[in-house]
$ cat start28.txt   # compact mmCIF, C-alpha atoms and all ligand atoms
# COMPACT_ATOMS: atom_id res chain seq x y z
CA MET A 1 4.44 8.50 -19.96
CA ARG A 2 2.48 5.84 -18.11
CA ILE A 3 2.89 4.02 -14.81
CA LEU A 4 0.95 0.94 -13.81
CA THR A 5 0.83 -1.38 -10.87
CA GLY A 6 -1.40 -4.02 -9.30
CA LEU A 7 -1.77 -5.62 -5.89
CA GLN A 8 -3.28 -8.98 -5.06
CA PRO A 9 -6.44 -9.01 -2.94
CA SER A 10 -5.22 -12.09 -1.13
CA GLY A 11 -5.48 -10.89 2.45
CA GLU A 12 -4.91 -7.79 4.48
CA LEU A 13 -2.40 -5.37 3.01
CA THR A 14 0.87 -4.84 4.85
CA LEU A 15 3.13 -1.88 5.49
CA GLY A 16 5.44 -3.48 2.87
CA ASN A 17 2.70 -3.27 0.21
CA TYR A 18 2.09 0.34 1.17
CA ILE A 19 5.75 1.39 0.96
CA GLY A 20 6.70 -0.77 -2.04
CA ALA A 21 3.75 0.00 -4.28
CA ILE A 22 0.96 2.30 -3.06
CA LYS A 23 3.08 5.14 -1.68
CA GLN A 24 5.06 5.23 -4.92
CA MET A 25 1.88 5.46 -6.97
CA VAL A 26 0.75 8.40 -4.84
CA LYS A 27 4.13 10.04 -5.31
CA TYR A 28 4.14 9.73 -9.09
CA GLN A 29 0.45 10.27 -9.87
CA ASP A 30 0.97 13.97 -10.65
CA GLU A 31 3.80 13.24 -13.05
CA TYR A 32 2.52 10.28 -15.07
CA GLU A 33 -0.67 8.90 -16.50
CA SER A 34 -1.41 6.32 -13.80
CA PHE A 35 -3.14 2.94 -13.79
CA ILE A 36 -3.70 0.91 -10.64
CA PHE A 37 -5.69 -2.28 -10.48
CA VAL A 38 -6.73 -5.14 -8.23
CA ALA A 39 -4.96 -8.30 -9.40
CA ASP A 40 -7.79 -10.69 -8.55
CA LEU A 41 -6.88 -13.15 -11.31
CA HIS A 42 -3.47 -13.44 -9.68
CA ALA A 43 -5.00 -14.15 -6.28
CA ILE A 44 -6.65 -17.38 -7.50
CA THR A 45 -3.30 -19.01 -8.27
CA VAL A 46 -3.75 -20.33 -4.74
CA SER A 47 -7.05 -21.40 -3.21
CA GLN A 48 -9.37 -18.54 -2.14
CA ASP A 49 -12.66 -18.48 -0.29
CA PRO A 50 -15.05 -16.73 -2.77
CA LYS A 51 -16.79 -14.61 -0.14
CA GLU A 52 -13.53 -13.49 1.40
CA LEU A 53 -12.02 -12.76 -2.00
CA ARG A 54 -14.91 -10.49 -2.95
CA ASN A 55 -14.57 -8.59 0.34
CA ASN A 56 -10.83 -8.26 -0.14
CA ILE A 57 -11.29 -6.81 -3.63
CA LYS A 58 -13.58 -4.09 -2.34
CA SER A 59 -11.36 -3.43 0.64
CA LEU A 60 -8.30 -3.05 -1.59
CA ILE A 61 -9.98 -0.39 -3.73
CA ALA A 62 -10.96 1.49 -0.55
CA ILE A 63 -7.35 1.25 0.70
CA TYR A 64 -6.05 2.71 -2.57
CA LEU A 65 -8.35 5.71 -2.27
CA ALA A 66 -7.78 6.14 1.46
CA SER A 67 -4.01 6.08 0.89
CA GLY A 68 -4.21 9.06 -1.42
CA ILE A 69 -4.59 7.42 -4.84
CA ASP A 70 -6.61 10.18 -6.51
CA LYS A 71 -9.52 8.90 -8.57
CA ASP A 72 -9.15 11.82 -10.95
CA LYS A 73 -5.48 11.16 -11.59
CA ASN A 74 -5.64 7.36 -11.80
CA THR A 75 -7.50 4.78 -13.78
CA ILE A 76 -8.61 2.29 -11.14
CA PHE A 77 -9.97 -1.10 -12.17
CA ILE A 78 -10.40 -4.77 -11.35
CA GLN A 79 -8.29 -7.10 -13.49
CA SER A 80 -10.95 -9.79 -14.02
CA GLU A 81 -13.45 -7.21 -15.29
CA ASN A 82 -11.23 -6.71 -18.31
CA ILE A 83 -11.23 -9.92 -20.36
CA TYR A 84 -8.17 -8.92 -22.40
CA HIS A 85 -5.73 -9.60 -19.57
CA ALA A 86 -6.40 -13.33 -19.62
CA ASN A 87 -6.72 -13.39 -23.41
CA MET A 88 -3.40 -11.64 -23.91
CA SER A 89 -1.85 -13.92 -21.34
CA TRP A 90 -2.71 -16.98 -23.43
CA LEU A 91 -1.02 -15.54 -26.52
CA LEU A 92 2.07 -14.65 -24.51
CA GLU A 93 2.16 -18.00 -22.71
CA CYS A 94 2.47 -19.67 -26.10
CA LEU A 95 5.41 -17.39 -26.87
CA THR A 96 7.23 -17.96 -23.53
CA PRO A 97 9.60 -20.87 -22.99
CA TYR A 98 8.45 -23.20 -20.23
CA GLY A 99 11.95 -23.28 -18.70
CA GLU A 100 11.98 -19.53 -18.21
CA LEU A 101 8.91 -19.74 -15.96
CA GLY A 102 10.29 -22.61 -13.89
CA ARG A 103 13.29 -20.43 -13.03
CA MET A 104 11.23 -17.62 -11.43
CA THR A 105 12.25 -17.48 -7.77
CA GLN A 106 8.71 -16.73 -6.56
CA PHE A 107 7.43 -19.85 -8.35
CA LYS A 108 10.17 -21.94 -6.77
CA ASP A 109 9.28 -20.64 -3.27
CA LYS A 110 5.50 -20.87 -3.63
CA SER A 111 5.50 -24.28 -5.30
CA LEU A 112 7.36 -25.63 -2.27
CA LYS A 113 4.86 -24.05 0.15
CA HIS A 114 1.62 -25.18 -1.54
CA GLN A 115 0.59 -28.71 -2.36
CA ASN A 116 -1.35 -29.63 -5.51
CA PHE A 117 -1.11 -26.14 -6.90
CA GLY A 118 -2.66 -25.25 -10.25
CA ALA A 119 -0.78 -24.56 -13.48
CA GLY A 120 -1.59 -20.84 -12.98
CA LEU A 121 1.08 -20.61 -10.30
CA LEU A 122 3.66 -21.30 -13.02
CA THR A 123 2.16 -19.10 -15.73
CA TYR A 124 1.32 -16.23 -13.36
CA PRO A 125 4.28 -14.03 -14.40
CA VAL A 126 3.02 -14.12 -18.00
CA LEU A 127 -0.33 -12.78 -16.83
CA MET A 128 1.60 -10.06 -15.03
CA ALA A 129 3.50 -9.32 -18.27
CA SER A 130 0.13 -9.00 -20.03
CA ASP A 131 -1.11 -6.57 -17.36
CA ILE A 132 1.88 -4.36 -18.04
CA LEU A 133 2.26 -4.72 -21.82
CA LEU A 134 -1.42 -4.18 -22.67
CA TYR A 135 -1.09 -0.56 -21.53
CA ASP A 136 2.34 0.36 -22.88
CA ALA A 137 3.43 1.12 -19.31
CA ASP A 138 6.77 2.93 -19.13
CA PHE A 139 7.27 2.30 -15.42
CA VAL A 140 6.03 -0.31 -12.95
CA PRO A 141 6.28 0.76 -9.28
CA THR A 142 6.89 -2.34 -7.12
CA GLY A 143 8.99 -3.76 -4.33
CA ILE A 144 12.14 -5.70 -5.18
CA ASP A 145 10.33 -9.05 -5.02
CA GLN A 146 8.55 -8.28 -8.31
CA LYS A 147 11.66 -7.09 -10.15
CA GLN A 148 12.29 -10.48 -11.76
CA HIS A 149 8.71 -10.56 -13.05
CA VAL A 150 9.04 -7.10 -14.62
CA GLU A 151 12.28 -8.28 -16.23
CA LEU A 152 10.41 -11.27 -17.65
CA ALA A 153 7.83 -8.85 -19.08
CA ARG A 154 10.68 -6.98 -20.76
CA ASN A 155 12.07 -10.20 -22.22
CA ILE A 156 8.67 -11.25 -23.51
CA ALA A 157 8.11 -7.81 -25.07
CA GLU A 158 11.47 -7.83 -26.79
CA ARG A 159 10.94 -11.34 -28.13
CA VAL A 160 7.45 -10.57 -29.46
CA ASN A 161 8.58 -7.28 -31.02
CA LYS A 162 11.38 -9.09 -32.82
CA LYS A 163 9.06 -11.73 -34.17
CA TYR A 164 5.95 -9.71 -35.02
CA GLY A 165 7.06 -6.08 -35.29
CA ASP A 166 6.95 -3.20 -32.82
CA ILE A 167 3.93 -3.93 -30.65
CA PHE A 168 5.03 -3.49 -27.06
CA LYS A 169 6.80 -0.81 -25.08
CA ILE A 170 9.64 -2.10 -22.92
CA PRO A 171 8.70 -1.39 -19.27
CA GLU A 172 11.05 -0.53 -16.42
CA PRO A 173 10.57 -1.45 -12.77
CA LEU A 174 10.40 1.51 -10.39
CA ILE A 175 11.76 0.33 -7.06
CA PRO A 176 11.91 2.59 -4.01
CA LYS A 177 15.41 3.40 -2.80
CA ASP A 178 14.88 2.54 0.88
CA GLY A 179 11.63 0.57 0.97
CA ALA A 180 12.39 -1.99 -1.74
CA LYS A 181 12.04 -4.78 0.78
CA ILE A 182 10.41 -4.14 4.14
CA CYS A 183 11.23 -7.11 6.35
CA ASP A 184 9.35 -9.14 8.94
CA LEU A 185 9.64 -7.68 12.44
CA VAL A 186 10.15 -11.06 14.15
CA ASP A 187 12.47 -12.53 11.48
CA PRO A 188 14.04 -9.52 9.76
CA THR A 189 15.90 -11.71 7.27
CA LYS A 190 12.52 -12.44 5.62
CA LYS A 191 10.22 -10.21 3.58
CA MET A 192 7.21 -8.79 5.44
CA SER A 193 4.43 -10.75 3.78
CA LYS A 194 0.63 -11.07 3.93
CA SER A 195 0.90 -14.83 4.08
CA THR A 196 3.32 -15.11 7.03
CA GLU A 197 1.99 -17.29 9.84
CA ASN A 198 3.14 -15.15 12.76
CA PRO A 199 1.17 -11.86 12.65
CA LYS A 200 3.53 -10.30 15.22
CA GLY A 201 6.08 -9.83 12.45
CA VAL A 202 3.70 -8.07 10.09
CA ILE A 203 2.15 -4.61 10.32
CA TYR A 204 -1.20 -4.67 8.56
CA MET A 205 -2.45 -1.38 7.18
CA LEU A 206 -5.61 -1.71 9.26
CA ASP A 207 -3.90 -2.69 12.54
CA LYS A 208 -5.05 -0.64 15.55
CA GLU A 209 -2.71 1.92 17.10
CA ASN A 210 -1.87 -0.15 20.19
CA VAL A 211 -1.23 -3.25 18.06
CA ILE A 212 1.18 -1.35 15.79
CA ARG A 213 3.05 0.01 18.79
CA LYS A 214 3.30 -3.40 20.43
CA LYS A 215 4.61 -5.05 17.27
CA ILE A 216 7.28 -2.40 16.67
CA MET A 217 8.40 -2.26 20.32
CA GLY A 218 8.71 -6.06 20.20
CA ALA A 219 10.66 -6.13 16.92
CA THR A 220 13.74 -8.36 16.94
CA THR A 221 16.98 -6.38 17.17
CA ASP A 222 20.57 -7.23 18.11
CA SER A 223 22.54 -7.11 21.33
CA GLU A 224 24.53 -4.00 20.40
CA MET A 225 23.46 -0.52 21.43
CA GLU A 226 24.28 1.41 18.30
CA ILE A 227 21.77 2.57 15.68
CA ARG A 228 23.72 1.73 12.55
CA TYR A 229 22.65 0.62 9.08
CA ASP A 230 24.01 -2.82 8.25
CA PRO A 231 21.43 -5.21 6.81
CA GLU A 232 23.87 -8.15 7.03
CA THR A 233 24.76 -8.05 10.72
CA LYS A 234 21.95 -5.82 12.02
CA PRO A 235 18.89 -6.76 9.94
CA GLY A 236 16.34 -5.77 12.61
CA ILE A 237 17.60 -2.23 13.25
CA SER A 238 18.31 -1.74 9.54
CA ASN A 239 14.71 -2.69 8.74
CA LEU A 240 13.41 -0.12 11.23
CA ILE A 241 15.75 2.49 9.73
CA ASN A 242 14.35 1.63 6.28
CA ILE A 243 10.79 1.99 7.52
CA TYR A 244 11.56 5.32 9.15
CA ALA A 245 13.38 6.63 6.07
CA SER A 246 10.60 5.52 3.71
CA LEU A 247 7.83 7.12 5.72
CA SER A 248 9.64 10.32 6.74
CA GLY A 249 11.28 11.06 3.40
CA LEU A 250 14.65 11.35 5.16
CA THR A 251 17.67 9.53 3.73
CA ILE A 252 19.23 6.66 5.68
CA PRO A 253 22.26 8.78 6.79
CA GLU A 254 19.84 11.50 7.95
CA VAL A 255 17.85 8.98 10.02
CA ILE A 256 21.05 7.68 11.61
CA GLU A 257 22.18 11.22 12.39
CA LYS A 258 18.78 12.06 13.91
CA PHE A 259 18.90 9.12 16.33
CA LYS A 260 22.64 9.16 17.07
CA GLY A 261 23.32 8.19 20.67
CA GLN A 262 19.71 7.18 21.39
CA ASN A 263 18.85 3.74 22.69
CA TYR A 264 16.87 1.13 20.77
CA GLY A 265 13.75 1.66 22.91
CA THR A 266 13.54 5.38 22.13
CA PHE A 267 14.17 4.73 18.45
CA LYS A 268 11.51 2.03 18.27
CA GLY A 269 9.05 4.40 19.97
CA GLU A 270 9.71 7.03 17.29
CA VAL A 271 9.31 4.47 14.50
CA ALA A 272 6.00 3.39 16.03
CA ASP A 273 4.85 7.05 16.26
CA LEU A 274 5.62 7.60 12.59
CA VAL A 275 3.91 4.40 11.41
CA ILE A 276 0.85 5.29 13.50
CA LYS A 277 0.85 8.87 12.18
CA THR A 278 0.90 7.46 8.64
CA LEU A 279 -1.66 4.69 8.98
CA ILE A 280 -4.32 6.10 11.32
CA PRO A 281 -5.52 8.84 8.92
CA ILE A 282 -5.63 6.22 6.13
CA GLN A 283 -7.76 3.99 8.37
CA GLU A 284 -10.15 6.84 9.14
CA ARG A 285 -10.65 7.62 5.45
CA TYR A 286 -10.95 3.88 4.72
CA GLN A 287 -13.94 3.60 7.07
CA GLU A 288 -15.73 6.42 5.25
CA ILE A 289 -14.97 5.08 1.77
CA ILE A 290 -15.79 1.42 2.34
CA ASN A 291 -19.37 2.37 3.20
CA SER A 292 -19.86 4.89 0.38
CA HIS A 293 -21.35 4.33 -3.06
CA GLU A 294 -18.58 6.04 -4.98
CA LEU A 295 -16.59 2.83 -5.53
CA ASP A 296 -18.90 1.41 -8.21
CA LYS A 297 -18.78 4.51 -10.36
CA ILE A 298 -14.97 4.65 -10.20
CA LEU A 299 -14.69 0.98 -11.11
CA ASP A 300 -17.17 1.21 -13.99
CA GLU A 301 -15.20 4.08 -15.48
CA GLY A 302 -11.92 2.24 -14.99
CA ARG A 303 -13.30 -0.90 -16.61
CA ASP A 304 -14.67 0.93 -19.65
CA LYS A 305 -11.54 2.94 -20.24
CA THR A 306 -9.15 0.00 -19.90
CA LEU A 307 -11.31 -2.29 -22.05
CA GLU A 308 -10.87 0.12 -24.92
CA ILE A 309 -7.08 0.38 -24.55
CA ALA A 310 -6.51 -3.31 -23.92
CA LYS A 311 -8.75 -4.49 -26.76
CA LYS A 312 -6.67 -2.57 -29.31
CA LYS A 313 -3.41 -4.04 -28.10
CA TYR A 314 -4.81 -7.56 -27.88
CA LEU A 315 -6.28 -7.43 -31.40
CA ASP A 316 -3.03 -6.08 -32.76
CA LEU A 317 -1.07 -9.09 -31.54
CA ARG A 318 -3.87 -11.52 -32.37
CA ASN A 319 -3.96 -10.32 -35.95
CA ARG A 320 -0.23 -10.31 -36.38
CA MET A 321 -0.14 -13.90 -35.15
CA GLY A 322 -2.63 -14.89 -37.84
CA LEU A 323 -5.46 -15.84 -35.49
CA GLY A 324 -9.11 -15.36 -36.40
CA ARG A 325 -10.32 -14.24 -39.78
P1 LIG A 401 1.73 -8.50 -4.24
O1 LIG A 401 0.25 -8.41 -4.14
O2 LIG A 401 2.43 -9.65 -3.65
O3 LIG A 401 2.37 -7.19 -3.65
C1 LIG A 401 1.89 -5.90 -4.02
C2 LIG A 401 3.05 -4.92 -4.09
O4 LIG A 401 3.65 -4.78 -2.82
C3 LIG A 401 5.06 -4.95 -2.92
N1 LIG A 401 5.55 -5.57 -1.68
C4 LIG A 401 6.56 -5.09 -0.93
N2 LIG A 401 7.37 -4.03 -1.09
C5 LIG A 401 8.31 -3.82 -0.13
N3 LIG A 401 8.46 -4.62 0.95
C6 LIG A 401 7.67 -5.70 1.16
N4 LIG A 401 7.80 -6.46 2.23
C7 LIG A 401 6.67 -5.97 0.18
N5 LIG A 401 5.71 -6.95 0.06
C8 LIG A 401 5.05 -6.68 -1.08
C9 LIG A 401 5.24 -5.87 -4.12
O5 LIG A 401 6.52 -5.76 -4.67
C10 LIG A 401 4.16 -5.36 -5.04
O6 LIG A 401 4.61 -4.23 -5.76
N6 LIG A 401 2.40 -10.02 -8.97
C11 LIG A 401 2.15 -8.88 -8.13
C12 LIG A 401 0.85 -8.19 -8.49
C13 LIG A 401 0.78 -7.80 -9.93
C14 LIG A 401 1.45 -6.71 -10.55
C15 LIG A 401 1.03 -6.76 -11.91
C16 LIG A 401 2.33 -5.73 -10.12
C17 LIG A 401 0.03 -8.43 -10.85
N7 LIG A 401 0.19 -7.81 -12.06
C18 LIG A 401 1.49 -5.84 -12.84
C19 LIG A 401 2.79 -4.80 -11.04
C20 LIG A 401 2.39 -4.87 -12.39
C21 LIG A 401 2.05 -9.33 -6.69
O7 LIG A 401 1.81 -10.48 -6.42
O8 LIG A 401 2.16 -8.34 -5.78

$ encode --input "start28.txt" --output "structure tokens"
Amino acid sequence: MRILTGLQPSGELTLGNYIGAIKQMVKYQDEYESFIFVADLHAITVSQDPKELRNNIKSLIAIYLASGIDKDKNTIFIQSENIYHANMSWLLECLTPYGELGRMTQFKDKSLKHQNFGAGLLTYPVLMASDILLYDADFVPTGIDQKQHVELARNIAERVNKKYGDIFKIPEPLIPKDGAKICDLVDPTKKMSKSTENPKGVIYMLDKENVIRKKIMGATTDSEMEIRYDPETKPGISNLINIYASLSGLTIPEVIEKFKGQNYGTFKGEVADLVIKTLIPIQERYQEIINSHELDKILDEGRDKTLEIAKKKYLDLRNRMGLGR
């Protein structure tokens, strides 16, 4: 069985990215054949500074390794170094109704935020479907925000299989129970996101210890005193409970039991301690890895291995569609 996921190198990674995707990959890497890549072709759906993009790509690979993604248990690669992702995407775009893409909630949100965006912002979920379907992935670890895109990949796979025969495996999203959507600390009704303007609401994986503590201690909560899980009426406290549960491995009821009767300040302090205990060792390893030469070798191997797998799948569909000779 295979798992596969990708993250965009479009800025500094957040605690949400870590909990929604990376931590899950680390958890499942012993169980499944694992593929993790840098979705750089996805990042250019909005304007990117070339120099910054290249730095972010390298930094993302170092974060994967520093977070515990084992190079011997994972195939690690850069999406744009494998030409079959974009090639497959074209075939699938021609097999995907335009209307289906216009209904994707992320497209609706992003197209309102950006002006003069390129057509890639609309077709982006088909590229994501290609990423997944090229490798016959059984499971796709992600946060809840990508669930709709994985469902689109399933629809595309089913449609293509019906028309051209059994080509694709039908993938399933793998969404963490408690960390499916880590929210912004200032506005806990919103997703914690790389692209949010106010950095106080976002914990970046490379934030310094004192910055992490300050952000968590300053997180928006409610005027009650009780540590209770209720995302509707207590989104701030519920978000902190989610973070604590995700990082400690405790269930939500266990977290509530642990902090019963404590005040918000004490609880926030404990959440900050746990986030710091999780991220600081990752940051220390990151500093060693980013300056080492091992990255190139890992990426060359990942590129060569995935080119072989992806080429087969691409040619299979290309031939069945009657393209070429
Ligand atoms: P991206 O780069 O926006 O996010 C990377 C991963 O982090 C998860 N995530 C979160 N999880 C919980 N709480 C949050 N606040 C939070 N913010 C982000 C996302 O769900 C995602 O898993 N299109 C994808 C990248 C991609 C991909 C793929 C993923 C391209 N091809 C193929 C899986 C399979 C994206 O933009 O993720």

$ closest_residue --input "start28.txt" --among "A:Asn116, A:Thr220, A:Ser67, A:Ser246" --to "ligand LIG 401 (chain A)" --atoms "all atoms listed in the file"
A:Ser246

$ atom_distance --input "start28.txt" --atom1 "CA of Ile289 in chain A" --atom2 "CA of Ala62 in chain A"
5.9 Å

$ residues_near_ligand --input "start28.txt" --ligand "ligand LIG 401 (chain A)" --cutoff "8 Å" --atoms "all atoms listed in the file" --output "VMD selection string"
chain A and resid 4 to 10 14 to 22 38 to 39 42 to 43 124 to 125 127 to 132 140 to 147 149 to 150 179 to 184 191 to 194

$ write_last_selection --input "start28.txt" --atoms "C-alpha atoms" --output "PDB file, in the frame of the given file"
ATOM      1  CA  LEU A   4       0.950   0.940 -13.810  1.00  0.00           C
ATOM      2  CA  THR A   5       0.830  -1.380 -10.870  1.00  0.00           C
ATOM      3  CA  GLY A   6      -1.400  -4.020  -9.300  1.00  0.00           C
ATOM      4  CA  LEU A   7      -1.770  -5.620  -5.890  1.00  0.00           C
ATOM      5  CA  GLN A   8      -3.280  -8.980  -5.060  1.00  0.00           C
ATOM      6  CA  PRO A   9      -6.440  -9.010  -2.940  1.00  0.00           C
ATOM      7  CA  SER A  10      -5.220 -12.090  -1.130  1.00  0.00           C
ATOM      8  CA  THR A  14       0.870  -4.840   4.850  1.00  0.00           C
ATOM      9  CA  LEU A  15       3.130  -1.880   5.490  1.00  0.00           C
ATOM     10  CA  GLY A  16       5.440  -3.480   2.870  1.00  0.00           C
ATOM     11  CA  ASN A  17       2.700  -3.270   0.210  1.00  0.00           C
ATOM     12  CA  TYR A  18       2.090   0.340   1.170  1.00  0.00           C
ATOM     13  CA  ILE A  19       5.750   1.390   0.960  1.00  0.00           C
ATOM     14  CA  GLY A  20       6.700  -0.770  -2.040  1.00  0.00           C
ATOM     15  CA  ALA A  21       3.750   0.000  -4.280  1.00  0.00           C
ATOM     16  CA  ILE A  22       0.960   2.300  -3.060  1.00  0.00           C
ATOM     17  CA  VAL A  38      -6.730  -5.140  -8.230  1.00  0.00           C
ATOM     18  CA  ALA A  39      -4.960  -8.300  -9.400  1.00  0.00           C
ATOM     19  CA  HIS A  42      -3.470 -13.440  -9.680  1.00  0.00           C
ATOM     20  CA  ALA A  43      -5.000 -14.150  -6.280  1.00  0.00           C
ATOM     21  CA  TYR A 124       1.320 -16.230 -13.360  1.00  0.00           C
ATOM     22  CA  PRO A 125       4.280 -14.030 -14.400  1.00  0.00           C
ATOM     23  CA  LEU A 127      -0.330 -12.780 -16.830  1.00  0.00           C
ATOM     24  CA  MET A 128       1.600 -10.060 -15.030  1.00  0.00           C
ATOM     25  CA  ALA A 129       3.500  -9.320 -18.270  1.00  0.00           C
ATOM     26  CA  SER A 130       0.130  -9.000 -20.030  1.00  0.00           C
ATOM     27  CA  ASP A 131      -1.110  -6.570 -17.360  1.00  0.00           C
ATOM     28  CA  ILE A 132       1.880  -4.360 -18.040  1.00  0.00           C
ATOM     29  CA  VAL A 140       6.030  -0.310 -12.950  1.00  0.00           C
ATOM     30  CA  PRO A 141       6.280   0.760  -9.280  1.00  0.00           C
ATOM     31  CA  THR A 142       6.890  -2.340  -7.120  1.00  0.00           C
ATOM     32  CA  GLY A 143       8.990  -3.760  -4.330  1.00  0.00           C
ATOM     33  CA  ILE A 144      12.140  -5.700  -5.180  1.00  0.00           C
ATOM     34  CA  ASP A 145      10.330  -9.050  -5.020  1.00  0.00           C
ATOM     35  CA  GLN A 146       8.550  -8.280  -8.310  1.00  0.00           C
ATOM     36  CA  LYS A 147      11.660  -7.090 -10.150  1.00  0.00           C
ATOM     37  CA  HIS A 149       8.710 -10.560 -13.050  1.00  0.00           C
ATOM     38  CA  VAL A 150       9.040  -7.100 -14.620  1.00  0.00           C
ATOM     39  CA  GLY A 179      11.630   0.570   0.970  1.00  0.00           C
ATOM     40  CA  ALA A 180      12.390  -1.990  -1.740  1.00  0.00           C
ATOM     41  CA  LYS A 181      12.040  -4.780   0.780  1.00  0.00           C
ATOM     42  CA  ILE A 182      10.410  -4.140   4.140  1.00  0.00           C
ATOM     43  CA  CYS A 183      11.230  -7.110   6.350  1.00  0.00           C
ATOM     44  CA  ASP A 184       9.350  -9.140   8.940  1.00  0.00           C
ATOM     45  CA  LYS A 191      10.220 -10.210   3.580  1.00  0.00           C
ATOM     46  CA  MET A 192       7.210  -8.790   5.440  1.00  0.00           C
ATOM     47  CA  SER A 193       4.430 -10.750   3.780  1.00  0.00           C
ATOM     48  CA  LYS A 194       0.630 -11.070   3.930  1.00  0.00           C
TER      49      LYS A 194
END

$ closest_residue --input "start28.txt" --among "A:Leu206, A:Gly165, A:Arg325, A:Ser89" --to "Ala153 in chain A" --atoms "only C-alpha atoms"
A:Ser89

$ atom_distance --input "start28.txt" --atom1 "CA of Glu100 in chain A" --atom2 "CA of Phe139 in chain A"
22.5 Å

$ axis_aligned_box --input "start28.txt" --around "range 43-59 of chain A" --padding-each-side "8 Å" --output "AutoDock Vina command-line options"
--center_x -10.0 --center_y -12.4 --center_z -3.4 --size_x 29.5 --size_y 34.0 --size_z 25.7

$ atom_distance --input "start28.txt" --atom1 "CA of Gly236 in chain A" --atom2 "CA of Ala219 in chain A"
7.1 Å

$ closest_residue --input "start28.txt" --among "A:Leu274, A:Leu152, A:Leu60, A:Val126" --to "Trp90 in chain A" --atoms "all atoms listed in the file"
A:Val126

$ closest_residue --input "start28.txt" --among "A:Ser59, A:Thr233, A:Asn263, A:Thr45" --to "Gly120 in chain A" --atoms "only C-alpha atoms"
A:Thr45

$ closest_residue --input "start28.txt" --among "A:Leu134, A:Ile57, A:Ile237, A:Leu323" --to "Met88 in chain A" --atoms "all atoms listed in the file"
A:Leu134

$ residues_near_point --input "start28.txt" --point "(-10.4, 1.2, 2.4)" --cutoff "12 Å" --atoms "all atoms listed in the file" --output "PyMOL selection string"
chain A and resi 12-13+55-69+205-206+279-292+295

$ write_last_selection --input "start28.txt" --atoms "C-alpha atoms" --output "mmCIF file, in the frame of the given file"
data_model
loop_
_atom_site.group_PDB
_atom_site.id
_atom_site.type_symbol
_atom_site.label_atom_id
_atom_site.label_comp_id
_atom_site.auth_asym_id
_atom_site.auth_seq_id
_atom_site.Cartn_x
_atom_site.Cartn_y
_atom_site.Cartn_z
ATOM 1 C CA GLU A 12 -4.910 -7.790 4.480
ATOM 2 C CA LEU A 13 -2.400 -5.370 3.010
ATOM 3 C CA ASN A 55 -14.570 -8.590 0.340
ATOM 4 C CA ASN A 56 -10.830 -8.260 -0.140
ATOM 5 C CA ILE A 57 -11.290 -6.810 -3.630
ATOM 6 C CA LYS A 58 -13.580 -4.090 -2.340
ATOM 7 C CA SER A 59 -11.360 -3.430 0.640
ATOM 8 C CA LEU A 60 -8.300 -3.050 -1.590
ATOM 9 C CA ILE A 61 -9.980 -0.390 -3.730
ATOM 10 C CA ALA A 62 -10.960 1.490 -0.550
ATOM 11 C CA ILE A 63 -7.350 1.250 0.700
ATOM 12 C CA TYR A 64 -6.050 2.710 -2.570
ATOM 13 C CA LEU A 65 -8.350 5.710 -2.270
ATOM 14 C CA ALA A 66 -7.780 6.140 1.460
ATOM 15 C CA SER A 67 -4.010 6.080 0.890
ATOM 16 C CA GLY A 68 -4.210 9.060 -1.420
ATOM 17 C CA ILE A 69 -4.590 7.420 -4.840
ATOM 18 C CA MET A 205 -2.450 -1.380 7.180
ATOM 19 C CA LEU A 206 -5.610 -1.710 9.260
ATOM 20 C CA LEU A 279 -1.660 4.690 8.980
ATOM 21 C CA ILE A 280 -4.320 6.100 11.320
ATOM 22 C CA PRO A 281 -5.520 8.840 8.920
ATOM 23 C CA ILE A 282 -5.630 6.220 6.130
ATOM 24 C CA GLN A 283 -7.760 3.990 8.370
ATOM 25 C CA GLU A 284 -10.150 6.840 9.140
ATOM 26 C CA ARG A 285 -10.650 7.620 5.450
ATOM 27 C CA TYR A 286 -10.950 3.880 4.720
ATOM 28 C CA GLN A 287 -13.940 3.600 7.070
ATOM 29 C CA GLU A 288 -15.730 6.420 5.250
ATOM 30 C CA ILE A 289 -14.970 5.080 1.770
ATOM 31 C CA ILE A 290 -15.790 1.420 2.340
ATOM 32 C CA ASN A 291 -19.370 2.370 3.200
ATOM 33 C CA SER A 292 -19.860 4.890 0.380
ATOM 34 C CA LEU A 295 -16.590 2.830 -5.530
#

$ closest_residue --input "start28.txt" --among "A:Tyr28, A:Val160, A:Asp273, A:Asp222" --to "Leu91 in chain A" --atoms "all atoms listed in the file"
A:Val160

$ build_atoms --input "start28.txt" --residues "range 114-119 of chain A" --atoms "N, CA and C atoms" --output "compact mmCIF listing (two decimals), in the coordinates of the input"
# COMPACT_ATOMS: atom_id res chain seq x y z
N HIS A 114 2.98 -24.69 -1.29
CA HIS A 114 1.62 -25.18 -1.54
C HIS A 114 1.67 -26.57 -2.15
N GLN A 115 0.67 -27.38 -1.76
CA GLN A 115 0.59 -28.71 -2.36
C GLN A 115 -0.51 -28.71 -3.41
N ASN A 116 -0.35 -29.53 -4.44
CA ASN A 116 -1.35 -29.63 -5.51
C ASN A 116 -1.75 -28.28 -6.09
N PHE A 117 -0.77 -27.46 -6.36
CA PHE A 117 -1.11 -26.14 -6.90
C PHE A 117 -1.47 -26.25 -8.38
N GLY A 118 -2.22 -25.25 -8.85
CA GLY A 118 -2.66 -25.25 -10.25
C GLY A 118 -1.56 -24.75 -11.17
N ALA A 119 -1.77 -24.97 -12.48
CA ALA A 119 -0.78 -24.56 -13.48
C ALA A 119 -0.61 -23.03 -13.49
